[in-house]
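Asks: Coordinates in upload07.cif, mmCIF, C-alpha atoms, are listed below.
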```cif
data_entry
loop_
_atom_site.label_atom_id
_atom_site.label_comp_id
_atom_site.auth_asym_id
_atom_site.auth_seq_id
_atom_site.Cartn_x
_atom_site.Cartn_y
_atom_site.Cartn_z
CA MET V 37 61.96 121.50 91.69
CA SER V 38 58.90 121.27 89.44
CA GLN V 39 61.02 120.48 86.38
CA GLU V 40 61.15 116.84 85.29
CA PHE V 41 64.74 115.64 85.53
CA VAL V 42 66.11 112.26 84.47
CA ILE V 43 68.09 110.51 87.22
CA ASN V 44 70.02 107.47 86.01
CA VAL V 45 71.14 105.08 88.75
CA VAL V 46 73.91 102.59 87.93
CA SER V 47 73.29 99.32 89.76
CA GLY V 48 74.12 95.62 89.44
CA GLN V 49 72.93 92.11 90.23
CA GLY V 50 75.67 90.95 92.61
CA GLY V 51 74.16 90.90 96.10
CA GLY V 52 71.18 92.94 97.20
CA GLY V 53 72.69 96.12 98.65
CA HIS V 54 73.07 97.98 95.36
CA ALA V 55 69.48 97.37 94.27
CA ALA V 56 68.23 98.27 97.76
CA THR V 57 70.09 101.60 97.59
CA CYS V 58 68.58 102.34 94.19
CA LEU V 59 65.07 101.63 95.48
CA ALA V 60 65.71 103.77 98.56
CA LEU V 61 66.64 106.83 96.51
CA ARG V 62 63.59 106.42 94.29
CA ALA V 63 61.29 106.03 97.31
CA ALA V 64 62.70 109.13 99.03
CA ALA V 65 62.21 111.22 95.89
CA LYS V 66 58.64 109.94 95.58
CA GLU V 67 57.93 110.78 99.23
CA GLN V 68 58.95 114.37 98.50
CA GLN V 69 56.79 114.39 95.35
CA LEU V 70 59.75 115.26 93.15
CA PRO V 71 58.84 114.86 89.47
CA TRP V 72 62.02 112.99 88.71
CA LYS V 73 62.16 110.17 86.22
CA PHE V 74 64.39 107.37 87.46
CA GLN V 75 66.23 105.15 84.99
CA VAL V 76 68.31 102.16 86.03
CA THR V 77 71.47 101.22 84.20
CA ASP V 78 72.15 97.57 85.06
CA LYS V 79 75.86 97.34 84.32
CA ASP V 80 75.77 93.53 84.64
CA GLU V 81 73.09 93.31 81.96
CA ILE V 82 75.08 95.49 79.57
CA ILE V 83 78.33 93.61 80.22
CA THR V 84 76.54 90.29 79.60
CA ASP V 85 75.22 91.59 76.27
CA LEU V 86 78.70 92.76 75.25
CA SER V 87 80.17 89.41 76.24
CA GLN V 88 77.58 87.42 74.29
CA ALA V 89 78.26 89.60 71.26
CA GLY V 90 81.97 88.84 71.58
CA GLN V 91 82.90 92.49 72.12
CA VAL V 92 84.55 91.99 75.52
CA LYS V 93 86.59 89.21 77.10
CA ASN V 94 84.83 87.45 79.96
CA ALA V 95 86.81 84.86 81.91
CA TYR V 96 83.67 83.69 83.71
CA GLU V 97 82.27 82.17 80.51
CA MET V 98 84.46 79.11 81.01
CA PHE V 99 82.44 78.36 84.16
CA GLY V 100 79.13 78.71 82.33
CA PHE V 101 77.77 81.68 84.26
CA SER V 102 78.31 85.40 84.76
CA GLY V 103 80.45 87.17 87.32
CA HIS V 104 77.45 88.36 89.32
CA ASP V 105 75.95 84.85 89.31
CA LEU V 106 79.22 83.52 90.72
CA TYR V 107 79.12 86.19 93.44
CA ASN V 108 75.59 85.20 94.45
CA LYS V 109 76.49 81.50 94.40
CA MET V 110 79.52 82.20 96.61
CA VAL V 111 77.43 83.97 99.24
CA LYS V 112 74.59 81.46 99.10
CA GLY V 113 76.89 78.43 99.33
CA GLY V 114 79.25 79.89 101.94
CA TRP V 115 82.22 79.94 99.54
CA THR V 116 83.20 83.54 100.25
CA TRP V 117 86.81 82.44 100.84
CA LEU V 118 87.01 82.57 97.02
CA TRP V 119 86.41 86.33 97.05
CA PRO V 120 90.08 87.53 96.87
CA LEU V 121 90.52 85.60 93.61
CA LYS V 122 87.26 86.94 92.20
CA MET V 123 88.15 90.52 93.21
CA TRP V 124 91.51 90.22 91.44
CA LEU V 125 89.84 88.76 88.34
CA ASN V 126 87.20 91.51 88.30
CA LYS V 127 89.82 94.26 88.41
CA TRP V 128 91.87 92.57 85.69
CA LEU V 129 88.82 92.24 83.40
CA VAL V 130 87.92 95.91 83.92
CA LYS V 131 91.41 96.96 82.76
CA LEU V 132 91.41 94.47 79.86
CA ASN V 133 88.04 95.64 78.52
CA TYR V 134 88.33 99.31 79.48
CA ASP V 135 88.40 100.94 76.03
CA VAL V 136 85.61 98.76 74.62
CA GLY V 137 83.52 99.37 77.73
CA VAL V 138 83.93 103.15 77.52
CA ARG V 139 82.76 103.17 73.90
CA ALA V 140 79.78 100.93 74.71
CA PHE V 141 78.66 103.04 77.65
CA GLU V 142 79.19 106.22 75.64
CA SER V 143 76.55 104.95 73.20
CA HIS V 144 74.34 103.99 76.14
CA TRP V 145 74.48 107.50 77.63
CA ARG V 146 73.72 109.10 74.25
CA ARG V 147 70.50 107.08 74.17
CA GLN V 148 69.62 107.68 77.84
CA LYS V 149 70.33 111.45 77.99
CA PRO V 150 70.38 111.67 81.83
CA ASP V 151 70.49 114.96 83.71
CA VAL V 152 72.58 113.31 86.44
CA VAL V 153 74.07 109.84 86.92
CA VAL V 154 74.18 108.27 90.38
CA SER V 155 76.38 105.21 90.76
CA VAL V 156 75.86 102.83 93.68
CA MET V 157 78.50 100.45 92.27
CA PRO V 158 82.25 100.17 92.90
CA LEU V 159 84.92 99.10 90.38
CA TYR V 160 83.46 100.61 87.19
CA ASN V 161 83.21 104.32 87.98
CA LYS V 162 86.29 105.46 86.10
CA GLY V 163 85.03 104.10 82.79
CA LEU V 164 81.44 105.10 83.48
CA TRP V 165 82.44 108.69 84.27
CA GLU V 166 84.67 108.96 81.20
CA SER V 167 81.98 107.54 78.91
CA LEU V 168 79.39 109.97 80.32
CA GLN V 169 81.66 112.97 79.76
CA ARG V 170 82.28 111.87 76.17
CA ALA V 171 78.55 111.57 75.51
CA HIS V 172 77.31 114.56 77.54
CA PRO V 173 80.20 116.76 78.78
CA GLY V 174 79.57 118.36 82.14
CA THR V 175 76.77 115.99 83.21
CA PRO V 176 77.06 115.50 86.99
CA TYR V 177 78.19 112.08 88.19
CA VAL V 178 77.62 111.13 91.84
CA THR V 179 78.99 108.01 93.53
CA VAL V 180 77.08 106.82 96.61
CA MET V 181 79.17 104.28 98.52
CA THR V 182 77.33 101.17 99.68
CA ASP V 183 80.28 99.98 101.79
CA PHE V 184 81.69 101.37 105.02
CA ALA V 185 85.18 101.57 103.51
CA ASP V 186 87.13 101.25 100.27
CA CYS V 187 89.10 98.18 99.14
CA PRO V 188 92.00 99.78 97.23
CA PRO V 189 93.24 99.94 94.62
CA SER V 190 90.63 100.94 92.01
CA PHE V 191 87.53 99.86 93.88
CA TRP V 192 85.49 102.85 95.07
CA PHE V 193 87.98 105.71 94.75
CA GLU V 194 89.56 106.77 91.45
CA PRO V 195 91.43 110.09 92.05
CA GLU V 196 91.44 111.21 88.41
CA ILE V 197 87.68 111.28 87.85
CA GLY V 198 85.33 114.20 88.49
CA THR V 199 82.69 112.48 90.56
CA GLN V 200 81.24 113.49 93.92
CA TRP V 201 81.56 110.73 96.51
CA PHE V 202 79.08 110.21 99.35
CA CYS V 203 80.96 108.49 102.17
CA GLY V 204 79.15 107.00 105.14
CA THR V 205 82.12 106.68 107.51
CA GLN V 206 85.17 108.68 108.56
CA ARG V 207 87.36 105.76 107.44
CA ALA V 208 86.15 106.18 103.85
CA ILE V 209 86.85 109.93 103.96
CA GLU V 210 90.38 109.29 105.24
CA GLN V 211 91.02 106.67 102.55
CA ALA V 212 89.96 109.09 99.82
CA ARG V 213 92.13 111.91 101.19
CA SER V 214 95.13 109.58 101.35
CA LEU V 215 94.77 109.11 97.59
CA GLY V 216 94.88 112.86 97.02
CA ILE V 217 91.17 113.34 96.39
CA SER V 218 90.10 116.89 97.11
CA THR V 219 87.85 117.52 100.11
CA SER V 220 85.48 119.34 97.76
CA ARG V 221 84.85 116.01 96.02
CA LEU V 222 83.90 114.25 99.27
CA THR V 223 80.56 114.54 101.01
CA PRO V 224 80.38 112.87 104.43
CA SER V 225 76.94 111.38 105.01
CA SER V 226 75.44 110.27 108.31
CA GLY V 227 75.54 106.63 107.23
CA LEU V 228 74.76 104.49 104.21
CA VAL V 229 71.60 105.02 102.19
CA ILE V 230 68.69 102.89 103.43
CA HIS V 231 65.02 102.83 102.46
CA PRO V 232 62.71 105.42 104.10
CA GLN V 233 60.55 102.55 105.39
CA PHE V 234 63.14 101.98 108.14
CA TYR V 235 62.24 105.33 109.67
CA THR V 236 58.48 104.79 109.71
CA HIS V 237 58.56 101.26 111.16
CA SER V 238 60.82 102.09 114.09
CA SER V 239 57.86 103.28 116.21
CA LEU V 240 55.71 100.12 116.11
CA SER V 241 53.58 99.90 119.28
CA PRO V 242 54.13 96.98 121.71
CA ALA V 243 50.58 95.73 121.11
CA GLU V 244 50.96 95.73 117.33
CA ARG V 245 54.37 94.10 117.67
CA ALA V 246 52.91 91.29 119.78
CA HIS V 247 50.01 90.81 117.36
CA GLN V 248 52.25 90.56 114.30
CA ARG V 249 54.58 88.11 116.03
CA GLN V 250 51.62 85.85 116.77
CA GLN V 251 50.52 86.05 113.13
CA LEU V 252 53.93 84.61 112.19
CA GLY V 253 53.40 81.74 114.62
CA LEU V 254 55.72 83.21 117.23
CA VAL V 255 55.28 83.96 120.92
CA ALA V 256 54.23 87.54 121.63
CA ASP V 257 56.67 88.31 124.45
CA ARG V 258 59.75 86.18 123.73
CA ALA V 259 63.20 87.50 122.75
CA THR V 260 63.37 87.45 118.94
CA ALA V 261 66.33 87.50 116.57
CA ILE V 262 66.18 88.15 112.84
CA VAL V 263 68.66 86.04 110.84
CA MET V 264 69.57 87.14 107.33
CA PHE V 265 72.45 86.97 104.82
CA GLY V 266 71.44 89.41 102.11
CA GLY V 267 69.12 88.81 99.20
CA ASN V 268 70.37 85.30 98.44
CA GLY V 269 70.59 83.74 101.89
CA SER V 270 73.38 81.39 102.96
CA GLN V 271 73.86 77.84 104.18
CA GLU V 272 75.31 79.43 107.32
CA MET V 273 71.70 80.00 108.39
CA LEU V 274 71.23 76.25 108.87
CA LYS V 275 74.28 76.17 111.14
CA ILE V 276 72.87 79.06 113.14
CA ALA V 277 69.54 77.27 113.54
CA LYS V 278 71.32 74.22 114.99
CA GLN V 279 73.58 76.27 117.27
CA LEU V 280 70.65 78.18 118.79
CA GLU V 281 68.41 75.19 119.48
CA LYS V 282 69.54 75.24 123.11
CA PHE V 283 67.59 78.51 123.66
CA GLN V 284 64.31 76.65 123.26
CA ASP V 285 62.01 78.69 125.50
CA THR V 286 64.01 81.91 125.71
CA LEU V 287 64.63 82.79 122.06
CA GLN V 288 62.73 82.60 118.76
CA LEU V 289 64.03 83.30 115.26
CA ILE V 290 62.88 84.98 112.05
CA PHE V 291 64.84 83.64 109.07
CA ILE V 292 64.87 85.82 105.94
CA CYS V 293 66.07 83.57 103.11
CA GLY V 294 65.79 85.93 100.14
CA HIS V 295 65.81 84.19 96.78
CA ALA V 296 67.17 80.94 98.30
CA GLN V 297 63.98 78.91 98.03
CA ALA V 298 65.74 75.59 98.68
CA LEU V 299 67.23 77.02 101.88
CA ALA V 300 63.80 78.20 103.02
CA GLU V 301 62.40 74.71 102.48
CA GLN V 302 65.30 73.18 104.44
CA LEU V 303 64.69 75.51 107.36
CA LYS V 304 60.96 74.82 107.33
CA ALA V 305 61.60 71.06 107.28
CA TYR V 306 64.26 71.22 109.97
CA ALA V 307 62.70 69.57 113.02
CA GLY V 308 63.31 71.33 116.30
CA PRO V 309 61.42 72.61 119.33
CA GLN V 310 62.42 76.23 118.85
CA LYS V 311 59.85 78.72 117.53
CA ARG V 312 60.84 80.08 114.13
CA ALA V 313 59.32 81.90 111.18
CA VAL V 314 60.83 81.28 107.74
CA VAL V 315 60.37 83.94 105.09
CA GLY V 316 61.56 84.00 101.47
CA PHE V 317 62.32 87.25 99.67
CA ALA V 318 60.88 90.22 101.55
CA ASP V 319 60.49 93.78 100.28
CA ASN V 320 59.16 94.93 103.67
CA MET V 321 62.30 94.13 105.64
CA ALA V 322 61.68 97.00 108.04
CA ASN V 323 58.50 95.29 109.22
CA TYR V 324 60.32 92.05 110.08
CA MET V 325 63.10 93.98 111.81
CA SER V 326 60.51 95.87 113.85
CA LEU V 327 59.36 92.50 115.24
CA SER V 328 62.91 91.60 116.29
CA ASP V 329 65.14 92.45 119.25
CA PHE V 330 68.52 91.86 117.60
CA PHE V 331 70.15 90.93 114.27
CA ILE V 332 72.26 87.90 113.34
CA GLY V 333 73.98 87.74 109.95
CA LYS V 334 77.01 88.48 107.83
CA PRO V 335 78.49 91.98 108.10
CA GLY V 336 76.76 93.21 104.96
CA ASN V 337 77.13 96.98 104.94
CA VAL V 338 73.56 97.85 103.87
CA SER V 339 71.72 95.21 105.93
CA VAL V 340 73.75 96.17 108.99
CA SER V 341 72.84 99.83 108.37
CA GLU V 342 69.18 98.85 108.23
CA ALA V 343 69.48 97.01 111.55
CA LEU V 344 71.22 100.00 113.12
CA ALA V 345 68.36 102.27 112.06
CA MET V 346 65.92 99.87 113.72
CA ARG V 347 68.00 99.97 116.93
CA LEU V 348 68.90 96.27 116.75
CA PRO V 349 72.17 95.12 118.37
CA ILE V 350 74.12 92.97 115.93
CA ILE V 351 75.85 89.60 116.08
CA THR V 352 78.10 88.84 113.13
CA ALA V 353 81.23 86.87 112.23
CA CYS V 354 84.53 87.95 110.72
CA ASN V 355 87.25 85.55 109.63
CA PHE V 356 89.43 84.58 106.63
CA ALA V 357 86.30 83.92 104.54
CA THR V 358 84.75 87.36 105.17
CA MET V 359 84.76 89.42 101.98
CA SER V 360 87.18 92.33 102.04
CA GLN V 361 84.48 95.00 101.54
CA GLU V 362 82.67 93.72 104.65
CA ARG V 363 85.63 93.44 107.04
CA TYR V 364 85.61 97.06 108.16
CA CYS V 365 81.88 96.81 108.87
CA ALA V 366 82.65 94.21 111.56
CA GLU V 367 85.51 96.34 112.89
CA TRP V 368 83.25 99.41 112.99
CA LEU V 369 80.59 97.55 114.99
CA LEU V 370 83.16 96.79 117.67
CA GLU V 371 84.49 100.36 117.65
CA GLN V 372 80.98 101.74 118.19
CA GLN V 373 80.07 99.02 120.71
CA VAL V 374 76.81 98.15 118.96
CA GLY V 375 77.57 94.55 118.07
CA ILE V 376 79.36 91.32 118.94
CA VAL V 377 81.76 89.83 116.41
CA VAL V 378 82.67 86.14 116.63
CA SER V 379 85.31 84.27 114.66
CA SER V 380 82.72 81.79 113.36
CA PHE V 381 78.96 81.32 113.50
CA GLN V 382 79.75 78.05 115.30
CA LYS V 383 80.15 80.37 118.30
CA VAL V 384 76.90 82.27 117.77
CA ASP V 385 75.35 80.64 120.85
CA LYS V 386 78.03 82.19 123.08
CA ALA V 387 77.37 85.60 121.54
CA VAL V 388 73.63 85.24 122.13
CA THR V 389 74.21 84.24 125.77
CA GLN V 390 76.31 87.38 126.24
CA LEU V 391 73.87 89.68 124.45
CA LEU V 392 70.80 88.43 126.35
CA GLN V 393 72.25 89.53 129.66
CA PRO V 394 69.94 92.49 130.51
CA ALA V 395 72.72 94.94 131.36
CA VAL V 396 74.66 94.10 128.18
CA PHE V 397 71.61 94.33 125.96
CA GLU V 398 70.55 97.68 127.37
CA GLN V 399 74.05 99.09 126.92
CA TYR V 400 74.08 98.12 123.25
CA ARG V 401 70.63 99.61 122.80
CA ALA V 402 71.75 102.85 124.43
CA ASN V 403 74.79 103.01 122.13
CA LEU V 404 72.55 102.59 119.08
CA HIS V 405 70.67 105.78 119.94
CA LYS V 406 73.82 107.77 119.16
CA PHE V 407 73.19 107.32 115.45
CA ASP V 408 70.78 109.26 113.28
CA ASN V 409 71.30 108.05 109.73
CA GLN V 410 69.62 110.45 107.29
CA ALA V 411 71.83 109.58 104.31
CA VAL V 412 69.03 108.90 101.81
CA PHE V 413 67.61 112.38 102.39
CA GLU V 414 71.08 113.94 102.31
CA VAL V 415 71.69 112.48 98.85
CA ILE V 416 68.30 113.68 97.62
CA ASP V 417 69.02 117.20 98.94
CA TYR V 418 72.38 117.19 97.17
CA LEU V 419 70.76 116.14 93.90
CA LYS V 420 68.27 118.98 94.24
CA THR V 421 71.18 121.41 94.52
CA VAL V 422 73.03 119.91 91.56
CA LEU V 423 69.95 119.89 89.35
#
```
Would you mind writing the file out in structure tokens?
Replies:
Amino acid sequence: MSQEFVINVVSGQGGGGHAATCLALRAAAKEQQLPWKFQVTDKDEIITDLSQAGQVKNAYEMFGFSGHDLYNKMVKGGWTWLWPLKMWLNKWLVKLNYDVGVRAFESHWRRQKPDVVVSVMPLYNKGLWESLQRAHPGTPYVTVMTDFADCPPSFWFEPEIGTQWFCGTQRAIEQARSLGISTSRLTPSSGLVIHPQFYTHSSLSPAERAHQRQQLGLVADRATAIVMFGGNGSQEMLKIAKQLEKFQDTLQLIFICGHAQALAEQLKAYAGPQKRAVVGFADNMANYMSLSDFFIGKPGNVSVSEALAMRLPIITACNFATMSQERYCAEWLLEQQVGIVVSSFQKVDKAVTQLLQPAVFEQYRANLHKFDNQAVFEVIDYLKTVL
């Protein structure tokens, strides 16, 4: 593997899971000292350029922002009940602009000249694969799912394309087979791809853990929950802060607000007796998780996978407003008995009361040790074979 290969990763700006997966693959390759050159194809950036040039139709222009901006605003503002409409509109726009998009990405691939393309995005893989084969016939195309399951039709799985899918759950494998996709095109992985840092931080010593908690202004030996809603935060975090005030001397919280600076300021200004640390965007998430005992947040597939790797029991919510690609994540947590799912974060206090019972907490912790997610290294090993 001394040859320098060009790995092009297709990512996007909606949410943080896709970018996190891209960074994880790059970090794992660097750890193994592979002389690979990583390129990133930001499909949102290219689509925006095409839209501004008038080459594609973009229904989001009437709102004054892009599709990925709307996604991030939905999550941040707690408007995820709008997601079914946005999903329908996304799929319609992909079909409407398909031919123009294929030609545009064909030109892109001719300039990039990748040795392999790795997509961590749903929805666009049919056109991306076709454009790559037009530009460089036979170039391998690998799709790494960042969700626990598909949201058919035409989301992750497209039966007619020649990609290799990495699927982190048995449900995803079964969905693909039901569409007639050959088993040879499906690679089951031991989970979703997460950053290698989550393996090195899982062995933090009790003394170091206590010291770092105190540096954040927390108590060294108090039960600690990490609260996060992806890279853009959510107003739900304010509700959670209010609901958990009653655990004044038995629970402290670490809020990870991501890019939501206004939310971080609100949480810092929120008067209350409970110990809390408020953090903005963090690229060392494994460190904050290593200081925590359990996770509270939306059922985001990648962030939940990170918490699982850190052996953190999970409290999440699933209801009519939960986005379709995150619903099975909540279902899976219940199936595996590693998390508590409530119908609303208004009931998060009841879930915390249940989880903090010593016997319950220890059972969840024991269940978490069943999992050994090595997906990031499995993908790297596969790429070595392909290259």
Asks: Mind checking which residues fall within 12 Å of His405 (chain V), counting all atoms listed in the file, ignoring those fewer than 4 positions away in the same chain, and posting them as number ranges by chain?
Replies: V: 344-349, 372-374, 398-401, 409
Asks: Identify the residues within 12 Å of coordinate (80.7, 90.6, 109.1) (same frame as the file), considering only C-alpha atoms, and give the answer as a PyMOL selection string.
Replies: chain V and resi 116+183-184+264-266+331-340+350-370+375-381
Asks: Take the residues from that selection and write them out as a PDB file, keeping the file's coordinate frame, keeping C-alpha atoms.
Replies:
```pdb
ATOM      1  CA  THR V 116      83.200  83.540 100.250  1.00  0.00           C
ATOM      2  CA  ASP V 183      80.280  99.980 101.790  1.00  0.00           C
ATOM      3  CA  PHE V 184      81.690 101.370 105.020  1.00  0.00           C
ATOM      4  CA  MET V 264      69.570  87.140 107.330  1.00  0.00           C
ATOM      5  CA  PHE V 265      72.450  86.970 104.820  1.00  0.00           C
ATOM      6  CA  GLY V 266      71.440  89.410 102.110  1.00  0.00           C
ATOM      7  CA  PHE V 331      70.150  90.930 114.270  1.00  0.00           C
ATOM      8  CA  ILE V 332      72.260  87.900 113.340  1.00  0.00           C
ATOM      9  CA  GLY V 333      73.980  87.740 109.950  1.00  0.00           C
ATOM     10  CA  LYS V 334      77.010  88.480 107.830  1.00  0.00           C
ATOM     11  CA  PRO V 335      78.490  91.980 108.100  1.00  0.00           C
ATOM     12  CA  GLY V 336      76.760  93.210 104.960  1.00  0.00           C
ATOM     13  CA  ASN V 337      77.130  96.980 104.940  1.00  0.00           C
ATOM     14  CA  VAL V 338      73.560  97.850 103.870  1.00  0.00           C
ATOM     15  CA  SER V 339      71.720  95.210 105.930  1.00  0.00           C
ATOM     16  CA  VAL V 340      73.750  96.170 108.990  1.00  0.00           C
ATOM     17  CA  ILE V 350      74.120  92.970 115.930  1.00  0.00           C
ATOM     18  CA  ILE V 351      75.850  89.600 116.080  1.00  0.00           C
ATOM     19  CA  THR V 352      78.100  88.840 113.130  1.00  0.00           C
ATOM     20  CA  ALA V 353      81.230  86.870 112.230  1.00  0.00           C
ATOM     21  CA  CYS V 354      84.530  87.950 110.720  1.00  0.00           C
ATOM     22  CA  ASN V 355      87.250  85.550 109.630  1.00  0.00           C
ATOM     23  CA  PHE V 356      89.430  84.580 106.630  1.00  0.00           C
ATOM     24  CA  ALA V 357      86.300  83.920 104.540  1.00  0.00           C
ATOM     25  CA  THR V 358      84.750  87.360 105.170  1.00  0.00           C
ATOM     26  CA  MET V 359      84.760  89.420 101.980  1.00  0.00           C
ATOM     27  CA  SER V 360      87.180  92.330 102.040  1.00  0.00           C
ATOM     28  CA  GLN V 361      84.480  95.000 101.540  1.00  0.00           C
ATOM     29  CA  GLU V 362      82.670  93.720 104.650  1.00  0.00           C
ATOM     30  CA  ARG V 363      85.630  93.440 107.040  1.00  0.00           C
ATOM     31  CA  TYR V 364      85.610  97.060 108.160  1.00  0.00           C
ATOM     32  CA  CYS V 365      81.880  96.810 108.870  1.00  0.00           C
ATOM     33  CA  ALA V 366      82.650  94.210 111.560  1.00  0.00           C
ATOM     34  CA  GLU V 367      85.510  96.340 112.890  1.00  0.00           C
ATOM     35  CA  TRP V 368      83.250  99.410 112.990  1.00  0.00           C
ATOM     36  CA  LEU V 369      80.590  97.550 114.990  1.00  0.00           C
ATOM     37  CA  LEU V 370      83.160  96.790 117.670  1.00  0.00           C
ATOM     38  CA  GLY V 375      77.570  94.550 118.070  1.00  0.00           C
ATOM     39  CA  ILE V 376      79.360  91.320 118.940  1.00  0.00           C
ATOM     40  CA  VAL V 377      81.760  89.830 116.410  1.00  0.00           C
ATOM     41  CA  VAL V 378      82.670  86.140 116.630  1.00  0.00           C
ATOM     42  CA  SER V 379      85.310  84.270 114.660  1.00  0.00           C
ATOM     43  CA  SER V 380      82.720  81.790 113.360  1.00  0.00           C
ATOM     44  CA  PHE V 381      78.960  81.320 113.500  1.00  0.00           C
TER      45      PHE V 381
END
```
Asks: What do you get, as a list of chain:residue names, if you spell out every residue that the PyMOL selection byres ((chain V and resi 410) around 9) selects here?
Replies: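 Here the PyMOL selection byres ((chain V and resi 410) around 9) matches V:Ser225, V:Ser226, V:Gly227, V:Leu228, V:Val229, V:Ile230, V:Asp408, V:Asn409, V:Ala411, V:Val412, V:Phe413, V:Glu414, V:Val415.
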Asks: Would you mind reading off the distance between CA of Val111 (chain V) and CA of Gly51 (chain V), one decimal, in Å?
Replies: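 Taking CA of Val111 (chain V) as the start and CA of Gly51 (chain V) as the end point, the length is 8.3 Å.
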Asks: Got a sec to resolve the PyMOL selection byres ((chain V and resi 130-135) around 9) on this structure and send the residues as a list in words?
Replies: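 On this input, the PyMOL selection byres ((chain V and resi 130-135) around 9) captures Gln91, Val92, Lys93, Asn94, Leu125, Asn126, Lys127, Trp128, Leu129, Val136, Gly137, Val138, Arg139, Ala140, Leu159, Tyr160 and Gly163 of chain V.
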Asks: For the residues in that selection, give me C-alpha atoms as a JSON list (two decimals), in the coordinates of the input.
Replies:
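This is the output file selection-v3.json:
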```json
[["chain", "number", "residue", "atom", "x", "y", "z"],
["V", 91, "GLN", "CA", 82.90, 92.49, 72.12],
["V", 92, "VAL", "CA", 84.55, 91.99, 75.52],
["V", 93, "LYS", "CA", 86.59, 89.21, 77.10],
["V", 94, "ASN", "CA", 84.83, 87.45, 79.96],
["V", 125, "LEU", "CA", 89.84, 88.76, 88.34],
["V", 126, "ASN", "CA", 87.20, 91.51, 88.30],
["V", 127, "LYS", "CA", 89.82, 94.26, 88.41],
["V", 128, "TRP", "CA", 91.87, 92.57, 85.69],
["V", 129, "LEU", "CA", 88.82, 92.24, 83.40],
["V", 136, "VAL", "CA", 85.61, 98.76, 74.62],
["V", 137, "GLY", "CA", 83.52, 99.37, 77.73],
["V", 138, "VAL", "CA", 83.93, 103.15, 77.52],
["V", 139, "ARG", "CA", 82.76, 103.17, 73.90],
["V", 140, "ALA", "CA", 79.78, 100.93, 74.71],
["V", 159, "LEU", "CA", 84.92, 99.10, 90.38],
["V", 160, "TYR", "CA", 83.46, 100.61, 87.19],
["V", 163, "GLY", "CA", 85.03, 104.10, 82.79]]
```
